[in-house]
$ cat run-v5.json   # JSON, C-alpha atoms
[["chain", "number", "residue", "atom", "x", "y", "z"],
["Q", 47, "MET", "CA", 47.28, 20.45, 29.78],
["Q", 48, "PHE", "CA", 45.01, 21.28, 26.81],
["Q", 49, "LYS", "CA", 47.92, 20.98, 24.37],
["Q", 50, "ILE", "CA", 48.82, 17.55, 25.75],
["Q", 51, "SER", "CA", 45.18, 16.39, 25.54],
["Q", 52, "CYS", "CA", 44.90, 17.60, 21.94],
["Q", 53, "ILE", "CA", 48.10, 15.80, 20.98],
["Q", 54, "SER", "CA", 46.86, 12.63, 22.68],
["Q", 55, "THR", "CA", 43.53, 12.78, 20.81],
["Q", 56, "CYS", "CA", 45.24, 13.36, 17.47],
["Q", 57, "LEU", "CA", 47.54, 10.41, 18.06],
["Q", 58, "MET", "CA", 44.56, 8.20, 18.93],
["Q", 59, "PHE", "CA", 42.71, 9.10, 15.69],
["Q", 60, "THR", "CA", 45.89, 8.59, 13.68],
["Q", 61, "ALA", "CA", 46.27, 5.13, 15.21],
["Q", 62, "LEU", "CA", 42.63, 4.26, 14.43],
["Q", 63, "ILE", "CA", 43.00, 5.34, 10.80],
["Q", 64, "ALA", "CA", 46.23, 3.40, 10.45],
["Q", 65, "ASN", "CA", 44.60, 0.32, 11.97],
["Q", 66, "ALA", "CA", 41.62, 0.57, 9.60],
["Q", 67, "GLN", "CA", 43.88, 0.95, 6.59],
["Q", 68, "SER", "CA", 45.92, -2.10, 7.60],
["Q", 69, "ARG", "CA", 42.85, -4.38, 7.67],
["Q", 70, "ASN", "CA", 41.66, -6.44, 4.71],
["Q", 71, "PRO", "CA", 38.65, -4.92, 2.87],
["Q", 72, "LYS", "CA", 37.33, -8.46, 2.42],
["Q", 73, "ASP", "CA", 36.62, -8.54, 6.16],
["Q", 74, "THR", "CA", 33.44, -6.56, 5.50],
["Q", 75, "GLU", "CA", 32.31, -8.41, 2.37],
["Q", 76, "VAL", "CA", 29.20, -10.56, 2.82],
["Q", 77, "TRP", "CA", 28.69, -13.26, 0.18],
["Q", 78, "THR", "CA", 25.71, -15.17, 1.55],
["Q", 79, "PRO", "CA", 22.81, -15.32, 1.31],
["Q", 80, "VAL", "CA", 22.77, -14.59, -2.42],
["Q", 81, "PRO", "CA", 19.63, -12.61, -3.45],
["Q", 82, "LYS", "CA", 17.23, -14.58, -5.63],
["Q", 83, "ILE", "CA", 17.31, -13.52, -9.29],
["Q", 84, "VAL", "CA", 13.97, -12.12, -10.45],
["Q", 85, "SER", "CA", 13.30, -10.81, -13.95],
["Q", 86, "ALA", "CA", 12.40, -7.12, -13.76],
["Q", 87, "PRO", "CA", 9.91, -6.26, -16.52],
["Q", 88, "VAL", "CA", 10.51, -3.28, -18.77],
["Q", 89, "ASP", "CA", 6.77, -2.75, -19.16],
["Q", 90, "SER", "CA", 5.29, -1.48, -15.87],
["Q", 91, "GLN", "CA", 2.09, -3.42, -16.56],
["Q", 92, "VAL", "CA", 3.96, -6.74, -16.44],
["Q", 93, "ALA", "CA", 4.29, -8.32, -12.99],
["Q", 94, "PRO", "CA", 7.68, -9.45, -11.65],
["Q", 95, "ALA", "CA", 8.43, -13.15, -11.98],
["Q", 96, "ASP", "CA", 7.85, -13.89, -8.29],
["Q", 97, "ALA", "CA", 4.55, -11.99, -8.00],
["Q", 98, "ILE", "CA", 1.17, -13.50, -7.13],
["Q", 99, "ILE", "CA", -1.31, -12.38, -9.79],
["Q", 100, "LEU", "CA", -4.50, -11.18, -8.09],
["Q", 101, "PHE", "CA", -6.10, -10.03, -11.34],
["Q", 102, "GLY", "CA", -4.62, -10.72, -14.76],
["Q", 103, "GLY", "CA", -7.54, -9.59, -16.89],
["Q", 104, "LYS", "CA", -9.72, -12.69, -17.16],
["Q", 105, "ASN", "CA", -11.53, -13.53, -13.92],
["Q", 106, "LEU", "CA", -11.94, -12.83, -10.21],
["Q", 107, "ASN", "CA", -10.94, -16.31, -9.07],
["Q", 108, "GLU", "CA", -8.58, -14.84, -6.44],
["Q", 109, "TRP", "CA", -11.38, -12.80, -4.83],
["Q", 110, "ILE", "CA", -14.48, -13.40, -2.72],
["Q", 111, "THR", "CA", -17.36, -11.28, -1.43],
["Q", 112, "VAL", "CA", -16.52, -10.11, 2.10],
["Q", 113, "LYS", "CA", -20.03, -10.45, 3.53],
["Q", 114, "ASP", "CA", -20.76, -14.11, 2.80],
["Q", 115, "LYS", "CA", -17.45, -15.40, 1.31],
["Q", 116, "SER", "CA", -19.20, -16.22, -1.98],
["Q", 117, "ALA", "CA", -17.58, -15.66, -5.39],
["Q", 118, "ALA", "CA", -16.86, -12.01, -6.17],
["Q", 119, "LYS", "CA", -19.67, -10.56, -8.29],
["Q", 120, "TRP", "CA", -18.05, -7.45, -9.76],
["Q", 121, "THR", "CA", -18.11, -7.15, -13.55],
["Q", 122, "VAL", "CA", -15.13, -8.35, -15.62],
["Q", 123, "SER", "CA", -14.71, -6.85, -19.10],
["Q", 124, "ASP", "CA", -11.89, -5.68, -21.40],
["Q", 125, "ASN", "CA", -9.06, -6.89, -19.13],
["Q", 126, "SER", "CA", -10.42, -4.97, -16.14],
["Q", 127, "PHE", "CA", -13.22, -5.27, -13.61],
["Q", 128, "THR", "CA", -15.74, -2.74, -12.35],
["Q", 129, "VAL", "CA", -17.53, -2.36, -9.04],
["Q", 130, "LYS", "CA", -21.00, -3.86, -9.25],
["Q", 131, "LYS", "CA", -22.89, -1.66, -6.85],
["Q", 132, "GLY", "CA", -24.81, -3.34, -4.10],
["Q", 133, "THR", "CA", -22.85, -6.61, -4.23],
["Q", 134, "GLY", "CA", -20.52, -5.49, -1.43],
["Q", 135, "ASN", "CA", -16.80, -5.29, -0.80],
["Q", 136, "ILE", "CA", -14.50, -7.98, -2.18],
["Q", 137, "GLN", "CA", -11.26, -9.32, -0.73],
["Q", 138, "THR", "CA", -8.49, -11.72, -1.69],
["Q", 139, "LYS", "CA", -8.88, -15.38, -0.81],
["Q", 140, "LYS", "CA", -5.31, -15.39, 0.45],
["Q", 141, "ALA", "CA", -4.18, -13.55, 3.60],
["Q", 142, "PHE", "CA", -0.94, -11.56, 3.68],
["Q", 143, "THR", "CA", 1.41, -10.05, 6.23],
["Q", 144, "ASN", "CA", 4.10, -7.83, 4.64],
["Q", 145, "TYR", "CA", 4.00, -7.22, 0.90],
["Q", 146, "GLN", "CA", 4.56, -5.09, -2.20],
["Q", 147, "LEU", "CA", 1.31, -4.40, -4.05],
["Q", 148, "HIS", "CA", 0.65, -2.98, -7.51],
["Q", 149, "ILE", "CA", -2.88, -2.00, -8.47],
["Q", 150, "GLU", "CA", -4.31, 0.16, -11.26],
["Q", 151, "TRP", "CA", -7.64, 1.98, -11.16],
["Q", 152, "LYS", "CA", -9.72, 4.30, -13.31],
["Q", 153, "ILE", "CA", -12.37, 6.87, -12.52],
["Q", 154, "PRO", "CA", -14.99, 6.72, -15.33],
["Q", 155, "VAL", "CA", -14.86, 9.62, -17.76],
["Q", 156, "ASN", "CA", -18.59, 10.29, -17.19],
["Q", 157, "ILE", "CA", -18.19, 10.59, -13.41],
["Q", 158, "THR", "CA", -20.79, 12.70, -11.59],
["Q", 159, "GLY", "CA", -21.14, 14.02, -8.06],
["Q", 160, "GLU", "CA", -18.68, 15.98, -5.98],
["Q", 161, "GLY", "CA", -16.44, 15.62, -2.94],
["Q", 162, "GLN", "CA", -16.53, 12.13, -1.44],
["Q", 163, "ALA", "CA", -19.36, 11.09, -3.78],
["Q", 164, "ARG", "CA", -17.16, 11.14, -6.88],
["Q", 165, "GLY", "CA", -15.78, 7.67, -7.66],
["Q", 166, "ASN", "CA", -15.20, 6.73, -4.03],
["Q", 167, "SER", "CA", -13.60, 3.38, -3.28],
["Q", 168, "GLY", "CA", -10.65, 2.18, -1.25],
["Q", 169, "VAL", "CA", -7.81, -0.31, -1.11],
["Q", 170, "PHE", "CA", -7.82, -1.85, 2.37],
["Q", 171, "LEU", "CA", -4.24, -2.92, 2.98],
["Q", 172, "ALA", "CA", -5.36, -5.45, 5.57],
["Q", 173, "SER", "CA", -9.01, -6.44, 5.84],
["Q", 174, "THR", "CA", -9.69, -7.19, 9.50],
["Q", 175, "GLY", "CA", -13.36, -8.04, 9.39],
["Q", 176, "GLY", "CA", -16.63, -7.54, 7.60],
["Q", 177, "GLY", "CA", -17.69, -4.20, 6.19],
["Q", 178, "ASP", "CA", -14.94, -1.58, 6.13],
["Q", 179, "GLY", "CA", -12.67, -2.97, 8.85],
["Q", 180, "GLY", "CA", -8.94, -2.50, 8.20],
["Q", 181, "TYR", "CA", -6.55, 0.14, 6.92],
["Q", 182, "GLU", "CA", -7.80, 2.16, 3.95],
["Q", 183, "LEU", "CA", -5.79, 3.80, 1.17],
["Q", 184, "GLN", "CA", -8.36, 6.11, -0.39],
["Q", 185, "VAL", "CA", -9.42, 5.84, -4.04],
["Q", 186, "LEU", "CA", -11.30, 8.89, -5.32],
["Q", 187, "ASP", "CA", -11.45, 11.35, -8.18],
["Q", 188, "SER", "CA", -9.13, 14.07, -6.84],
["Q", 189, "TYR", "CA", -8.54, 15.80, -10.17],
["Q", 190, "ASN", "CA", -10.12, 19.24, -9.67],
["Q", 191, "ASN", "CA", -12.42, 17.80, -6.99],
["Q", 192, "VAL", "CA", -12.40, 19.50, -3.60],
["Q", 193, "THR", "CA", -12.79, 17.45, -0.41],
["Q", 194, "TYR", "CA", -11.06, 17.18, 2.97],
["Q", 195, "SER", "CA", -7.33, 16.59, 2.52],
["Q", 196, "ASN", "CA", -7.14, 13.41, 4.60],
["Q", 197, "GLY", "CA", -9.92, 11.94, 2.47],
["Q", 198, "GLN", "CA", -8.61, 12.66, -1.03],
["Q", 199, "ALA", "CA", -7.00, 10.09, -3.33],
["Q", 200, "GLY", "CA", -3.77, 8.76, -1.87],
["Q", 201, "SER", "CA", -4.65, 9.56, 1.73],
["Q", 202, "ILE", "CA", -4.55, 6.98, 4.45],
["Q", 203, "TYR", "CA", -8.18, 7.72, 5.13],
["Q", 204, "LYS", "CA", -8.73, 10.12, 8.05],
["Q", 205, "GLN", "CA", -5.07, 9.73, 9.10],
["Q", 206, "PHE", "CA", -2.41, 10.90, 6.64],
["Q", 207, "ILE", "CA", -2.68, 13.50, 3.88],
["Q", 208, "PRO", "CA", -0.71, 12.60, 0.72],
["Q", 209, "LEU", "CA", 2.50, 14.57, 0.22],
["Q", 210, "VAL", "CA", 1.23, 15.76, -3.18],
["Q", 211, "ASN", "CA", -1.82, 15.29, -5.40],
["Q", 212, "ALA", "CA", -0.67, 13.15, -8.35],
["Q", 213, "SER", "CA", -4.17, 12.44, -9.70],
["Q", 214, "ARG", "CA", -4.93, 12.05, -13.40],
["Q", 215, "LYS", "CA", -8.11, 13.02, -15.23],
["Q", 216, "PRO", "CA", -11.20, 10.79, -15.13],
["Q", 217, "GLY", "CA", -10.97, 8.24, -17.93],
["Q", 218, "GLU", "CA", -7.20, 7.77, -17.48],
["Q", 219, "TRP", "CA", -5.68, 4.74, -15.74],
["Q", 220, "GLN", "CA", -3.84, 5.43, -12.49],
["Q", 221, "SER", "CA", -1.61, 3.24, -10.35],
["Q", 222, "TYR", "CA", -0.68, 2.65, -6.73],
["Q", 223, "ASP", "CA", 2.56, 0.91, -5.80],
["Q", 224, "ILE", "CA", 2.51, 0.08, -2.12],
["Q", 225, "ILE", "CA", 4.95, -1.31, 0.45],
["Q", 226, "TRP", "CA", 2.98, -2.58, 3.45],
["Q", 227, "THR", "CA", 4.47, -3.64, 6.78],
["Q", 228, "ALA", "CA", 1.82, -5.18, 9.01],
["Q", 229, "PRO", "CA", 1.53, -4.26, 12.68],
["Q", 230, "VAL", "CA", 2.92, -6.64, 15.29],
["Q", 231, "PHE", "CA", 1.01, -7.28, 18.50],
["Q", 232, "ASN", "CA", 1.98, -8.53, 21.94],
["Q", 233, "GLU", "CA", 0.13, -11.49, 23.46],
["Q", 234, "ASP", "CA", -2.12, -9.14, 25.45],
["Q", 235, "GLY", "CA", -3.19, -7.34, 22.28],
["Q", 236, "SER", "CA", -1.06, -4.24, 22.81],
["Q", 237, "VAL", "CA", 0.90, -2.91, 19.85],
["Q", 238, "LYS", "CA", 4.54, -4.01, 19.67],
["Q", 239, "SER", "CA", 5.14, -2.13, 16.39],
["Q", 240, "GLY", "CA", 2.64, -0.18, 14.33],
["Q", 241, "ALA", "CA", 1.77, -0.74, 10.68],
["Q", 242, "ARG", "CA", 3.92, 1.16, 8.18],
["Q", 243, "VAL", "CA", 3.23, 2.03, 4.55],
["Q", 244, "THR", "CA", 4.92, 3.67, 1.58],
["Q", 245, "VAL", "CA", 2.80, 4.62, -1.45],
["Q", 246, "MET", "CA", 3.65, 5.76, -4.97],
["Q", 247, "HIS", "CA", 0.75, 7.27, -6.93],
["Q", 248, "ASN", "CA", 1.38, 7.23, -10.67],
["Q", 249, "GLY", "CA", 5.08, 6.86, -9.90],
["Q", 250, "VAL", "CA", 5.14, 9.80, -7.47],
["Q", 251, "LEU", "CA", 5.92, 9.28, -3.77],
["Q", 252, "ILE", "CA", 2.89, 10.35, -1.71],
["Q", 253, "GLN", "CA", 3.27, 8.41, 1.57],
["Q", 254, "ASN", "CA", 6.81, 7.95, 2.89],
["Q", 255, "ASN", "CA", 7.14, 5.03, 5.32],
["Q", 256, "ILE", "CA", 4.53, 6.45, 7.68],
["Q", 257, "GLU", "CA", 3.45, 4.66, 10.86],
["Q", 258, "LEU", "CA", -0.32, 4.29, 11.13],
["Q", 259, "THR", "CA", -2.09, 5.10, 14.37],
["Q", 260, "GLY", "CA", -4.67, 2.34, 14.01],
["Q", 261, "GLU", "CA", -7.35, 0.97, 11.72],
["Q", 262, "THR", "CA", -9.45, 3.31, 9.58],
["Q", 263, "ALA", "CA", -12.34, 4.91, 11.42],
["Q", 264, "TYR", "CA", -15.00, 7.05, 9.75],
["Q", 265, "ILE", "CA", -15.97, 8.58, 13.10],
["Q", 266, "GLY", "CA", -13.50, 9.06, 15.91],
["Q", 267, "PRO", "CA", -9.78, 8.32, 16.20],
["Q", 268, "PRO", "CA", -8.08, 5.22, 14.73],
["Q", 269, "VAL", "CA", -7.63, 2.28, 17.09],
["Q", 270, "TYR", "CA", -5.59, -0.92, 16.75],
["Q", 271, "LYS", "CA", -7.23, -4.31, 17.27],
["Q", 272, "LYS", "CA", -5.06, -7.41, 17.38],
["Q", 273, "HIS", "CA", -5.07, -9.44, 14.15],
["Q", 274, "GLY", "CA", -2.85, -11.73, 12.12],
["Q", 275, "PRO", "CA", -2.30, -12.14, 8.36],
["Q", 276, "SER", "CA", -5.19, -10.48, 6.52],
["Q", 277, "PRO", "CA", -6.70, -10.30, 3.01],
["Q", 278, "ILE", "CA", -6.49, -7.22, 0.78],
["Q", 279, "LYS", "CA", -9.92, -5.66, 0.28],
["Q", 280, "LEU", "CA", -11.54, -3.39, -2.33],
["Q", 281, "GLN", "CA", -14.52, -1.25, -1.42],
["Q", 282, "ASP", "CA", -18.00, -1.05, -2.92],
["Q", 283, "HIS", "CA", -18.79, 2.43, -1.60],
["Q", 284, "GLY", "CA", -22.24, 2.56, -3.20],
["Q", 285, "ASP", "CA", -22.08, 6.09, -4.62],
["Q", 286, "PRO", "CA", -24.76, 7.12, -7.13],
["Q", 287, "SER", "CA", -22.06, 8.16, -9.65],
["Q", 288, "PRO", "CA", -20.70, 5.67, -12.22],
["Q", 289, "ALA", "CA", -18.55, 2.91, -10.73],
["Q", 290, "ILE", "CA", -14.76, 2.77, -10.94],
["Q", 291, "SER", "CA", -12.66, 0.00, -12.49],
["Q", 292, "PHE", "CA", -9.48, -1.90, -11.56],
["Q", 293, "ARG", "CA", -6.89, -3.89, -13.49],
["Q", 294, "ASN", "CA", -3.39, -5.38, -13.33],
["Q", 295, "ILE", "CA", -3.21, -6.31, -9.66],
["Q", 296, "TRP", "CA", -0.27, -8.26, -8.27],
["Q", 297, "VAL", "CA", 1.43, -8.73, -4.94],
["Q", 298, "ARG", "CA", 4.88, -9.87, -3.78],
["Q", 299, "GLU", "CA", 5.10, -11.26, -0.26],
["Q", 300, "LEU", "CA", 7.99, -9.80, 1.71]]
$ encode --input "run-v5.json" --output "C-alpha cells"
Amino acid sequence: MFKISCISTCLMFTALIANAQSRNPKDTEVWTPVPKIVSAPVDSQVAPADAIILFGGKNLNEWITVKDKSAAKWTVSDNSFTVKKGTGNIQTKKAFTNYQLHIEWKIPVNITGEGQARGNSGVFLASTGGGDGGYELQVLDSYNNVTYSNGQAGSIYKQFIPLVNASRKPGEWQSYDIIWTAPVFNEDGSVKSGARVTVMHNGVLIQNNIELTGETAYIGPPVYKKHGPSPIKLQDHGDPSPAISFRNIWVREL
C-alpha cells in the first residue's frame, strides 16, 4: 500500500512539473501599471524629483508653531535651522498619511548636560494634537551618553529600543531615513491596523518595520487615539544645554 501511494505521489508531482514547464512564461508577466520614472540623486543631500521639500535651507514657510498655528519662530542660518527655546514645537502645514521622510540633525559641539538633558528633541511621525501628542522618534546625543535604552537616539520613545547605536559625535551631521505607515482605525475608534515604521540612522537600519503599540506616552503605556492624516512635528524640549539644528528635510507621500 505504501509503495503504491509513493508511486502515485511521485507521478502527481511529475505531472505538475510537466504542466508548469508546458505553460508560457509570459502568463506571469505584468506590464501595467508602469512605475513612474523618478531621478535618483547621487548626492544623498539632494531630494528625489517627486519629493516635497519641507526645508531647503532658506526659510520655514512649510512649518507653523503647534500651540497657536503662527509662523514657526526657530532660527534659520547657514542652510539649517535651530530650535529657538521657549517658542514651542513646530509642525508641517501639510498633513500626511503614509510617507518616506529624510531629515538631518546635529547636536552642537558645545553640548552640555547628561542623559535626557543632552540635546533632547524628537521627530513626531504624526502630530495628533498640541504639545507632545503623537508618535516620537527620539533625537538625542547618544554618543558616549548613558540613558535608558528606549529613550536614546533612534528609539521609538518609551516603546522600541534601536537595534544598534549608530550615533555620531556632537558637531557632526546625522540623518534619519524613515518609512512611516499610519495606523488605520475602525469607525468606533478601535485599531484596524497599527502604525508601522522603519528607520535608518546614518544609513544603518535601527528599526525594522516595527508595529507601534500606541502614541508616545512619557508616563504609562502607549495608547491609540483615532486620528486621520497628521502633520510631522519637531520638538522644542527646552533643555538648558545648547539647542540642536536641522537641515535638508523632504518627504515623499506613499
$ closest_residue --input "run-v5.json" --among "Q:Trp109, Q:Trp151, Q:Trp77, Q:Trp219" --to "Ser167 (chain Q)" --atoms "all atoms listed in the file"
Q:Trp151
$ residues_near_point --input "run-v5.json" --point "(-11.0, 11.2, -15.5)" --cutoff "8 Å" --atoms "all atoms listed in the file" --output "compact mmCIF listing (two decimals) with C-alpha atoms, keeping the file's coordinate frame"
# COMPACT_ATOMS: atom_id res chain seq x y z
CA LYS Q 152 -9.72 4.30 -13.31
CA ILE Q 153 -12.37 6.87 -12.52
CA PRO Q 154 -14.99 6.72 -15.33
CA VAL Q 155 -14.86 9.62 -17.76
CA ASN Q 156 -18.59 10.29 -17.19
CA ILE Q 157 -18.19 10.59 -13.41
CA ASP Q 187 -11.45 11.35 -8.18
CA TYR Q 189 -8.54 15.80 -10.17
CA ARG Q 214 -4.93 12.05 -13.40
CA LYS Q 215 -8.11 13.02 -15.23
CA PRO Q 216 -11.20 10.79 -15.13
CA GLY Q 217 -10.97 8.24 -17.93
CA GLU Q 218 -7.20 7.77 -17.48
$ atom_distance --input "run-v5.json" --atom1 "CA of Thr111 (chain Q)" --atom2 "CA of Val297 (chain Q)"
19.3 Å
$ residues_around --input "run-v5.json" --residues "His247 (chain Q)" --least-positions-apart "4" --cutoff "8 Å" --atoms "all atoms listed in the file" --output "list of chain:residue names"
Q:Gly200, Q:Ala212, Q:Ser213, Q:Gln220, Q:Ser221, Q:Tyr222, Q:Asp223, Q:Leu251, Q:Ile252
$ closest_residue --input "run-v5.json" --among "Q:Asn105, Q:Asn232, Q:Ser173, Q:Thr143" --to "Asp124 (chain Q)" --atoms "all atoms listed in the file"
Q:Asn105
$ closest_residue --input "run-v5.json" --among "Q:Ala241, Q:Ala118, Q:Leu106, Q:Ile136" --to "Lys272 (chain Q)" --atoms "all atoms listed in the file"
Q:Ala241
$ atom_distance --input "run-v5.json" --atom1 "CA of Ala93 (chain Q)" --atom2 "CA of Asn135 (chain Q)"
24.5 Å
$ closest_residue --input "run-v5.json" --among "Q:Phe292, Q:Gln137, Q:Lys279, Q:Arg298" --to "Gly102 (chain Q)" --atoms "only C-alpha atoms"
Q:Phe292
$ atom_distance --input "run-v5.json" --atom1 "CA of Gly274 (chain Q)" --atom2 "CA of Asn166 (chain Q)"
27.5 Å
$ residues_around --input "run-v5.json" --residues "Gly132 (chain Q)" --least-positions-apart "4" --cutoff "12 Å" --atoms "all atoms listed in the file" --output "PyMOL selection string"
chain Q and resi 111+113+118-120+136+281-286+289
$ closest_residue --input "run-v5.json" --among "Q:Ile207, Q:Arg69, Q:Lys238, Q:Lys139" --to "Asn254 (chain Q)" --atoms "all atoms listed in the file"
Q:Ile207
$ closest_residue --input "run-v5.json" --among "Q:Pro94, Q:Gly175, Q:Gly159, Q:Gly134" --to "Ile110 (chain Q)" --atoms "all atoms listed in the file"
Q:Gly134
$ axis_aligned_box --input "run-v5.json" --around "region 160-177 of chain Q" --padding-each-side "6 Å" --output "AutoDock Vina command-line options"
--center_x -11.8 --center_y 4.0 --center_z 0.9 --size_x 27.1 --size_y 36.0 --size_z 29.2
$ residues_around --input "run-v5.json" --residues "Asn294 (chain Q)" --least-positions-apart "6" --cutoff "9 Å" --atoms "all atoms listed in the file" --output "VMD selection string"
chain Q and resid 91 to 93 99 to 103 125 to 126 148 to 151
$ residues_near_point --input "run-v5.json" --point "(-10.2, 19.0, 4.5)" --cutoff "12 Å" --atoms "all atoms listed in the file" --output "PyMOL selection string"
chain Q and resi 161-162+191-198+201+203-207
$ residues_around --input "run-v5.json" --residues "Tyr270 (chain Q)" --least-positions-apart "6" --cutoff "9 Å" --atoms "all atoms listed in the file" --output "PyMOL selection string"
chain Q and resi 229+235-237+240+259-261
